[in-house]
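*Asks:* final.txt (compact mmCIF, C-alpha atoms) pasted underneath:
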# COMPACT_ATOMS: atom_id res chain seq x y z
CA ASP A 1 -22.38 46.37 26.18
CA THR A 2 -20.46 43.17 26.92
CA ALA A 3 -19.43 43.03 30.57
CA VAL A 4 -16.66 40.42 30.31
CA SER A 5 -15.25 39.77 26.87
CA GLN A 6 -12.67 37.29 25.65
CA THR A 7 -10.76 36.94 22.41
CA PRO A 8 -10.54 34.80 20.47
CA LYS A 9 -13.69 32.72 20.80
CA TYR A 10 -12.07 29.76 19.05
CA LEU A 11 -8.37 28.91 18.85
CA VAL A 12 -7.00 25.95 16.91
CA THR A 13 -3.26 25.41 16.99
CA GLN A 14 -0.51 22.83 16.75
CA MET A 15 1.29 21.21 19.65
CA GLY A 16 4.35 23.13 20.75
CA ASN A 17 3.03 26.55 19.73
CA ASP A 18 2.66 29.54 22.05
CA LYS A 19 -0.70 31.32 22.21
CA SER A 20 -2.47 34.02 24.19
CA ILE A 21 -6.07 34.60 25.21
CA LYS A 22 -7.21 38.08 26.12
CA CYS A 23 -9.86 39.13 28.63
CA GLU A 24 -11.35 42.52 29.37
CA GLN A 25 -14.06 43.61 31.79
CA ASN A 26 -15.91 46.92 31.82
CA LEU A 27 -17.61 46.43 35.18
CA GLY A 28 -15.07 48.33 37.22
CA HIS A 29 -14.26 45.18 39.17
CA ASP A 30 -11.05 44.74 41.14
CA THR A 31 -10.66 40.98 40.77
CA MET A 32 -10.32 38.80 37.69
CA TYR A 33 -10.03 35.04 37.23
CA TRP A 34 -9.15 32.33 34.74
CA TYR A 35 -10.97 28.98 34.82
CA LYS A 36 -10.45 25.86 32.75
CA GLN A 37 -13.44 23.71 31.73
CA ASP A 38 -12.55 20.22 30.53
CA SER A 39 -14.44 18.00 28.11
CA LYS A 40 -16.64 16.71 30.93
CA LYS A 41 -17.67 20.28 31.82
CA PHE A 42 -15.67 20.28 35.05
CA LEU A 43 -14.63 23.81 36.00
CA LYS A 44 -11.46 24.54 37.91
CA ILE A 45 -9.90 27.83 38.83
CA MET A 46 -6.40 28.51 37.55
CA PHE A 47 -5.51 32.05 38.56
CA SER A 48 -6.92 35.16 40.15
CA TYR A 49 -5.66 38.73 40.23
CA ASN A 50 -6.79 41.52 42.51
CA ASN A 51 -5.80 45.00 41.42
CA LYS A 52 -3.10 43.56 39.17
CA GLU A 53 -1.70 41.41 41.98
CA LEU A 54 -1.74 37.60 41.80
CA ILE A 55 -3.80 36.19 44.67
CA ILE A 56 -4.67 32.68 43.51
CA ASN A 57 -2.30 30.39 41.68
CA GLU A 58 -3.57 26.84 41.63
CA THR A 59 -1.47 23.88 40.63
CA VAL A 60 -1.06 24.84 37.01
CA PRO A 61 1.95 24.04 34.81
CA ASN A 62 4.31 26.98 34.57
CA ARG A 63 3.72 26.97 30.82
CA PHE A 64 0.64 29.01 31.75
CA SER A 65 1.38 32.60 32.64
CA PRO A 66 -1.25 35.21 33.42
CA LYS A 67 -0.56 38.88 32.88
CA SER A 68 -2.60 41.81 34.14
CA PRO A 69 -1.55 45.11 32.54
CA ASP A 70 -4.32 46.91 34.44
CA LYS A 71 -7.24 45.87 36.58
CA ALA A 72 -9.62 45.72 33.60
CA HIS A 73 -7.50 43.18 31.70
CA LEU A 74 -6.21 39.71 32.48
CA ASN A 75 -4.51 37.84 29.68
CA LEU A 76 -3.45 34.19 29.64
CA HIS A 77 -0.33 33.15 27.79
CA ILE A 78 0.38 29.48 27.17
CA ASN A 79 3.79 28.21 26.05
CA SER A 80 4.57 24.91 24.36
CA LEU A 81 0.96 23.86 23.99
CA GLU A 82 0.11 20.22 24.66
CA LEU A 83 -2.83 18.06 23.62
CA GLY A 84 -4.10 18.06 27.21
CA ASP A 85 -4.47 21.84 27.13
CA SER A 86 -7.48 21.48 24.85
CA ALA A 87 -10.41 22.87 26.83
CA VAL A 88 -12.66 25.88 27.17
CA TYR A 89 -11.05 28.71 29.12
CA PHE A 90 -13.30 31.17 30.92
CA CYS A 91 -12.39 34.55 32.24
CA ALA A 92 -14.44 36.03 35.09
CA SER A 93 -14.45 39.15 37.22
CA SER A 94 -15.92 40.26 40.54
CA GLN A 95 -15.86 43.19 42.90
CA GLY A 96 -13.46 41.33 45.14
CA GLY A 97 -12.60 42.85 48.51
CA THR A 98 -15.51 45.25 48.71
CA GLY A 99 -18.03 42.68 47.48
CA GLY A 100 -18.29 40.91 50.80
CA LEU A 101 -20.28 37.73 51.26
CA THR A 102 -22.36 38.30 48.16
CA ASP A 103 -19.38 38.88 45.88
CA THR A 104 -20.53 37.58 42.50
CA GLN A 105 -18.35 36.43 39.64
CA TYR A 106 -19.36 37.38 36.09
CA PHE A 107 -18.10 35.12 33.35
CA GLY A 108 -17.00 35.75 29.80
CA PRO A 109 -18.28 33.66 26.87
CA GLY A 110 -15.26 31.35 26.88
CA THR A 111 -12.42 30.52 24.49
CA ARG A 112 -12.43 27.03 23.03
CA LEU A 113 -8.81 25.96 22.59
CA THR A 114 -8.07 22.93 20.41
CA VAL A 115 -4.52 21.64 20.26
CA LEU A 116 -3.80 19.31 17.34
CA GLY B 1 -10.81 20.78 51.92
CA ASN B 2 -13.78 22.36 50.21
CA SER B 3 -15.89 20.35 47.80
CA VAL B 4 -19.27 20.34 46.09
CA THR B 5 -21.15 17.23 45.07
CA GLN B 6 -23.98 17.42 42.57
CA MET B 7 -26.29 14.73 41.34
CA GLU B 8 -24.98 13.24 38.15
CA GLY B 9 -26.84 13.89 34.96
CA PRO B 10 -28.02 13.98 32.45
CA VAL B 11 -31.51 14.82 33.65
CA THR B 12 -34.25 14.65 31.03
CA LEU B 13 -37.71 16.05 31.78
CA SER B 14 -40.85 16.92 29.92
CA GLU B 15 -42.02 20.52 29.83
CA GLU B 16 -43.89 21.59 32.98
CA ALA B 17 -42.32 18.82 35.08
CA PHE B 18 -40.88 19.50 38.55
CA LEU B 19 -37.12 19.81 38.75
CA THR B 20 -34.75 19.03 41.62
CA ILE B 21 -30.99 19.01 41.25
CA ASN B 22 -29.29 17.95 44.46
CA CYS B 23 -26.19 19.70 45.76
CA THR B 24 -24.28 19.03 48.96
CA TYR B 25 -21.09 20.63 50.12
CA THR B 26 -18.14 20.24 52.45
CA ALA B 27 -16.48 23.38 53.75
CA THR B 28 -14.92 24.86 56.83
CA GLY B 29 -17.17 27.45 58.40
CA TYR B 30 -20.21 28.77 56.58
CA PRO B 31 -19.61 29.35 52.91
CA SER B 32 -21.64 31.41 50.47
CA LEU B 33 -23.48 29.15 48.02
CA PHE B 34 -24.30 29.72 44.37
CA TRP B 35 -26.06 28.16 41.42
CA TYR B 36 -24.72 29.04 37.98
CA VAL B 37 -26.27 28.10 34.64
CA GLN B 38 -24.46 27.55 31.34
CA TYR B 39 -26.64 27.63 28.22
CA PRO B 40 -25.28 25.85 25.13
CA GLY B 41 -22.26 27.64 23.68
CA GLU B 42 -22.26 30.37 26.33
CA GLY B 43 -20.41 31.31 29.50
CA LEU B 44 -21.73 30.84 33.01
CA GLN B 45 -24.43 33.10 34.41
CA LEU B 46 -25.29 33.47 38.06
CA LEU B 47 -28.74 32.00 38.66
CA LEU B 48 -29.11 32.53 42.41
CA LYS B 49 -27.15 32.68 45.65
CA ALA B 50 -27.43 32.48 49.44
CA THR B 51 -24.95 33.64 52.03
CA LYS B 52 -26.23 32.25 55.34
CA ALA B 53 -28.22 29.40 56.79
CA ASP B 54 -31.93 29.33 55.89
CA ASP B 55 -31.50 31.97 53.19
CA LYS B 56 -33.51 31.20 50.08
CA GLY B 57 -32.14 32.31 46.75
CA SER B 58 -34.60 32.64 43.87
CA ASN B 59 -34.59 33.75 40.26
CA LYS B 60 -36.55 32.93 37.07
CA GLY B 61 -38.75 30.47 38.98
CA PHE B 62 -35.75 28.59 40.41
CA GLU B 63 -35.23 28.35 44.16
CA ALA B 64 -32.63 26.93 46.52
CA THR B 65 -32.48 27.06 50.32
CA TYR B 66 -29.23 27.06 52.30
CA ARG B 67 -29.56 24.14 54.72
CA LYS B 68 -26.74 24.16 57.23
CA GLU B 69 -27.91 21.03 59.07
CA THR B 70 -27.77 18.91 55.92
CA THR B 71 -25.03 20.97 54.18
CA SER B 72 -27.22 21.17 51.11
CA PHE B 73 -28.37 23.71 48.55
CA HIS B 74 -30.75 21.83 46.26
CA LEU B 75 -32.06 23.59 43.17
CA GLU B 76 -35.80 23.36 42.43
CA LYS B 77 -38.25 24.64 39.87
CA GLY B 78 -41.93 23.87 39.83
CA SER B 79 -42.47 23.81 36.09
CA VAL B 80 -39.55 23.62 33.67
CA GLN B 81 -39.54 24.97 30.14
CA VAL B 82 -37.62 23.91 27.05
CA SER B 83 -35.57 27.11 27.42
CA ASP B 84 -34.26 25.84 30.80
CA SER B 85 -32.17 23.22 29.00
CA ALA B 86 -28.61 23.92 30.13
CA VAL B 87 -25.84 22.76 32.44
CA TYR B 88 -26.32 23.77 36.08
CA PHE B 89 -23.39 24.23 38.44
CA CYS B 90 -23.52 24.42 42.21
CA ALA B 91 -20.61 26.33 43.77
CA LEU B 92 -19.33 27.51 47.12
CA ARG B 93 -17.07 30.29 48.30
CA PRO B 94 -15.66 29.88 51.81
CA ARG B 95 -16.14 32.75 54.21
CA GLY B 96 -13.09 34.94 54.41
CA SER B 97 -11.61 33.32 51.33
CA ASN B 98 -9.77 35.02 48.56
CA TYR B 99 -12.93 34.77 46.42
CA LYS B 100 -12.10 31.37 45.00
CA LEU B 101 -15.19 29.47 43.85
CA THR B 102 -15.27 25.69 44.07
CA PHE B 103 -17.68 24.17 41.56
CA GLY B 104 -19.54 20.91 41.40
CA LYS B 105 -19.21 18.86 38.23
CA GLY B 106 -22.34 20.26 36.65
CA THR B 107 -25.67 18.64 35.79
CA LEU B 108 -26.95 18.65 32.24
CA LEU B 109 -30.69 19.27 32.06
CA THR B 110 -32.65 18.60 28.88
CA VAL B 111 -36.31 19.60 28.73
CA ASN B 112 -38.39 18.11 25.95
CA PRO B 113 -41.56 19.72 24.60
Please express what this file holds, its structure, as structure tokens.

*Replies:*
Amino acid sequence: DTAVSQTPKYLVTQMGNDKSIKCEQNLGHDTMYWYKQDSKKFLKIMFSYNNKELIINETVPNRFSPKSPDKAHLNLHINSLELGDSAVYFCASSQGGTGGLTDTQYFGPGTRLTVL
Amino acid sequence: GNSVTQMEGPVTLSEEAFLTINCTYTATGYPSLFWYVQYPGEGLQLLLKATKADDKGSNKGFEATYRKETTSFHLEKGSVQVSDSAVYFCALRPRGSNYKLTFGKGTLLTVNP
């Protein structure tokens, strides 16, 4: 069984379009995250939700909007896509508050977004 | 602020060679430290972790020791295999934080037969 899954795996779209990436975890975790990995493999956190509540919101354009319908899902919606949004987006989850010092994040397989 | 500095790659080794990937960090207090590995075309997997000074994390023949005095968490393996070819990320999570991981820039390791 896949612990953290993302759809789609690949997404190719035109500039200006709106697109969504979905993430689901079946680990029973309370906290979920979105990371962006650029072409040089640099990973940076974008958002984090704990029990459907936003707890981390890094400096990300407001064209990016996360939505958590329940604690097992965290979707990422992107409006007015730009060339610079091309990257691999990773979803992750962790136990969060009860995980303590050893709280471990589990990552999904990634969604490669290409904006043309 | 918090930051992680890893040695720049790429690193190319022959099978059975000794591996060291250096990682140093800057953080307030005593963070938890992690090594993640990303195999080609896949997501990140936790390789090992340590939560306090002098802890040694180990997994799959890889080891790293949390050195508070040098603020380091270097990754080592005595004998690499072709299947170890991947990108390795060092990361920290500050104590008492809201679980945000700060990653280093990653080090690409290629092991040749």

*Asks:* Got a sec to pull out which chain A residues are within 8 Å of chain B, counting all atoms listed in the file, and send them as a count of residues only?

*Replies:* 19

*Asks:* Got a sec: who's within 6 Å of Ile78 (chain A), counting only C-alpha atoms, leaving out chain neighbours fewer than 4 positions off, as a list of chain:residue names?

*Replies:*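 In the requested format, the answer is A:Asp18, A:Lys19, A:Arg63, A:Phe64.
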
*Asks:* What is the CA of His73 (chain A)-CA of Cys23 (chain A) distance in Å, reported with one decimal?

*Replies:*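 These two atoms are separated by 5.6 Å.
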
*Asks:* Quick one: distance from CA of Gly9 (chain B) to CA of Arg112 (chain A) in Å, one decimal?

*Replies:*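 Spanning CA of Gly9 (chain B) to CA of Arg112 (chain A) is a straight-line distance of 22.9 Å.
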
*Asks:* Identify which of the residues A:Asp85, A:Glu53, A:Glu24, A:Asp70 lies closest to Leu11 (chain A), counting only C-alpha atoms when measuring atom-to-atom distances.

*Replies:* A:Asp85

*Asks:* Between CA of Asn17 (chain A) and CA of Pro69 (chain A), what is the distance, to one decimal in Å?

*Replies:*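 Separation of CA of Asn17 (chain A) and CA of Pro69 (chain A): 23.0 Å.
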
*Asks:* For a quick check of your reading of the model, name the residues lying within 9 Å of the coordinate (-41.0, 21.2, 25.3), counting only C-alpha atoms, and write them as a short mmCIF file (atom, residue, chain, number, x, y, z; two decimals) with C-alpha atoms, in the coordinates of the input.

*Replies:*
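Wrote out-v7.cif, looks like this:
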data_model
loop_
_atom_site.label_atom_id
_atom_site.label_comp_id
_atom_site.auth_asym_id
_atom_site.auth_seq_id
_atom_site.Cartn_x
_atom_site.Cartn_y
_atom_site.Cartn_z
CA LEU B 13 -37.71 16.05 31.78
CA SER B 14 -40.85 16.92 29.92
CA GLU B 15 -42.02 20.52 29.83
CA GLU B 16 -43.89 21.59 32.98
CA VAL B 80 -39.55 23.62 33.67
CA GLN B 81 -39.54 24.97 30.14
CA VAL B 82 -37.62 23.91 27.05
CA SER B 83 -35.57 27.11 27.42
CA VAL B 111 -36.31 19.60 28.73
CA ASN B 112 -38.39 18.11 25.95
CA PRO B 113 -41.56 19.72 24.60
#

*Asks:* If we count all atoms listed in the file and set the cut-off at 9 Å, which residues sit around Met46 (chain A), ignoring sequence neighbours fewer than 5 positions away in its own chain? Please answer as a list in words.

*Replies:* Tyr33, Trp34, Tyr35, Lys36, Ile56, Asn57, Glu58, Thr59 and Val60 of chain A

*Asks:* Could the residues in this selection be written to a file with C-alpha atoms, as a PDB file, in the coordinates of the input?

*Replies:*
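Saved as again_15.pdb:
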ATOM      1  CA  TYR A  33     -10.030  35.040  37.230  1.00  0.00           C
ATOM      2  CA  TRP A  34      -9.150  32.330  34.740  1.00  0.00           C
ATOM      3  CA  TYR A  35     -10.970  28.980  34.820  1.00  0.00           C
ATOM      4  CA  LYS A  36     -10.450  25.860  32.750  1.00  0.00           C
ATOM      5  CA  ILE A  56      -4.670  32.680  43.510  1.00  0.00           C
ATOM      6  CA  ASN A  57      -2.300  30.390  41.680  1.00  0.00           C
ATOM      7  CA  GLU A  58      -3.570  26.840  41.630  1.00  0.00           C
ATOM      8  CA  THR A  59      -1.470  23.880  40.630  1.00  0.00           C
ATOM      9  CA  VAL A  60      -1.060  24.840  37.010  1.00  0.00           C
TER      10      VAL A  60
END

*Asks:* Could you list, as a CSV table (one decimal) with C-alpha atoms, in the frame of the given file, every residue within 7 Å of Phe73 (chain B), counting all atoms listed in the file and ignoring same-chain residues fewer than 3 positions away?

*Replies:*
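Result saved to result_12.csv:
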chain,number,residue,atom,x,y,z
B,23,CYS,CA,-26.2,19.7,45.8
B,24,THR,CA,-24.3,19.0,49.0
B,64,ALA,CA,-32.6,26.9,46.5
B,65,THR,CA,-32.5,27.1,50.3
B,66,TYR,CA,-29.2,27.1,52.3
B,67,ARG,CA,-29.6,24.1,54.7

*Asks:* Please provide as a PyMOL selection string all residues within 6 Å of Lys22 (chain A), with the sequence filter that same-chain residues fewer than 5 positions apart are discarded (counting only C-alpha atoms).

*Replies:* chain A and resi 6-7+75

*Asks:* Output C-alpha atoms of each residue in that selection to a file, as a PDB file, in the coordinates of the input.

*Replies:*
ATOM      1  CA  GLN A   6     -12.670  37.290  25.650  1.00  0.00           C
ATOM      2  CA  THR A   7     -10.760  36.940  22.410  1.00  0.00           C
ATOM      3  CA  ASN A  75      -4.510  37.840  29.680  1.00  0.00           C
TER       4      ASN A  75
END

*Asks:* Which polymer residues have any atom within 9 Å of an atom of region 59-62 of chain B, counting only C-alpha atoms, with same-chain residues fewer than 5 positions away left out, as a PDB file with C-alpha atoms, keeping the file's coordinate frame?

*Replies:*
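The new file around_7.pdb reads:
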ATOM      1  CA  LEU B  47     -28.740  32.000  38.660  1.00  0.00           C
ATOM      2  CA  LEU B  48     -29.110  32.530  42.410  1.00  0.00           C
ATOM      3  CA  LEU B  75     -32.060  23.590  43.170  1.00  0.00           C
ATOM      4  CA  GLU B  76     -35.800  23.360  42.430  1.00  0.00           C
ATOM      5  CA  LYS B  77     -38.250  24.640  39.870  1.00  0.00           C
ATOM      6  CA  GLY B  78     -41.930  23.870  39.830  1.00  0.00           C
ATOM      7  CA  SER B  79     -42.470  23.810  36.090  1.00  0.00           C
ATOM      8  CA  VAL B  80     -39.550  23.620  33.670  1.00  0.00           C
TER       9      VAL B  80
END
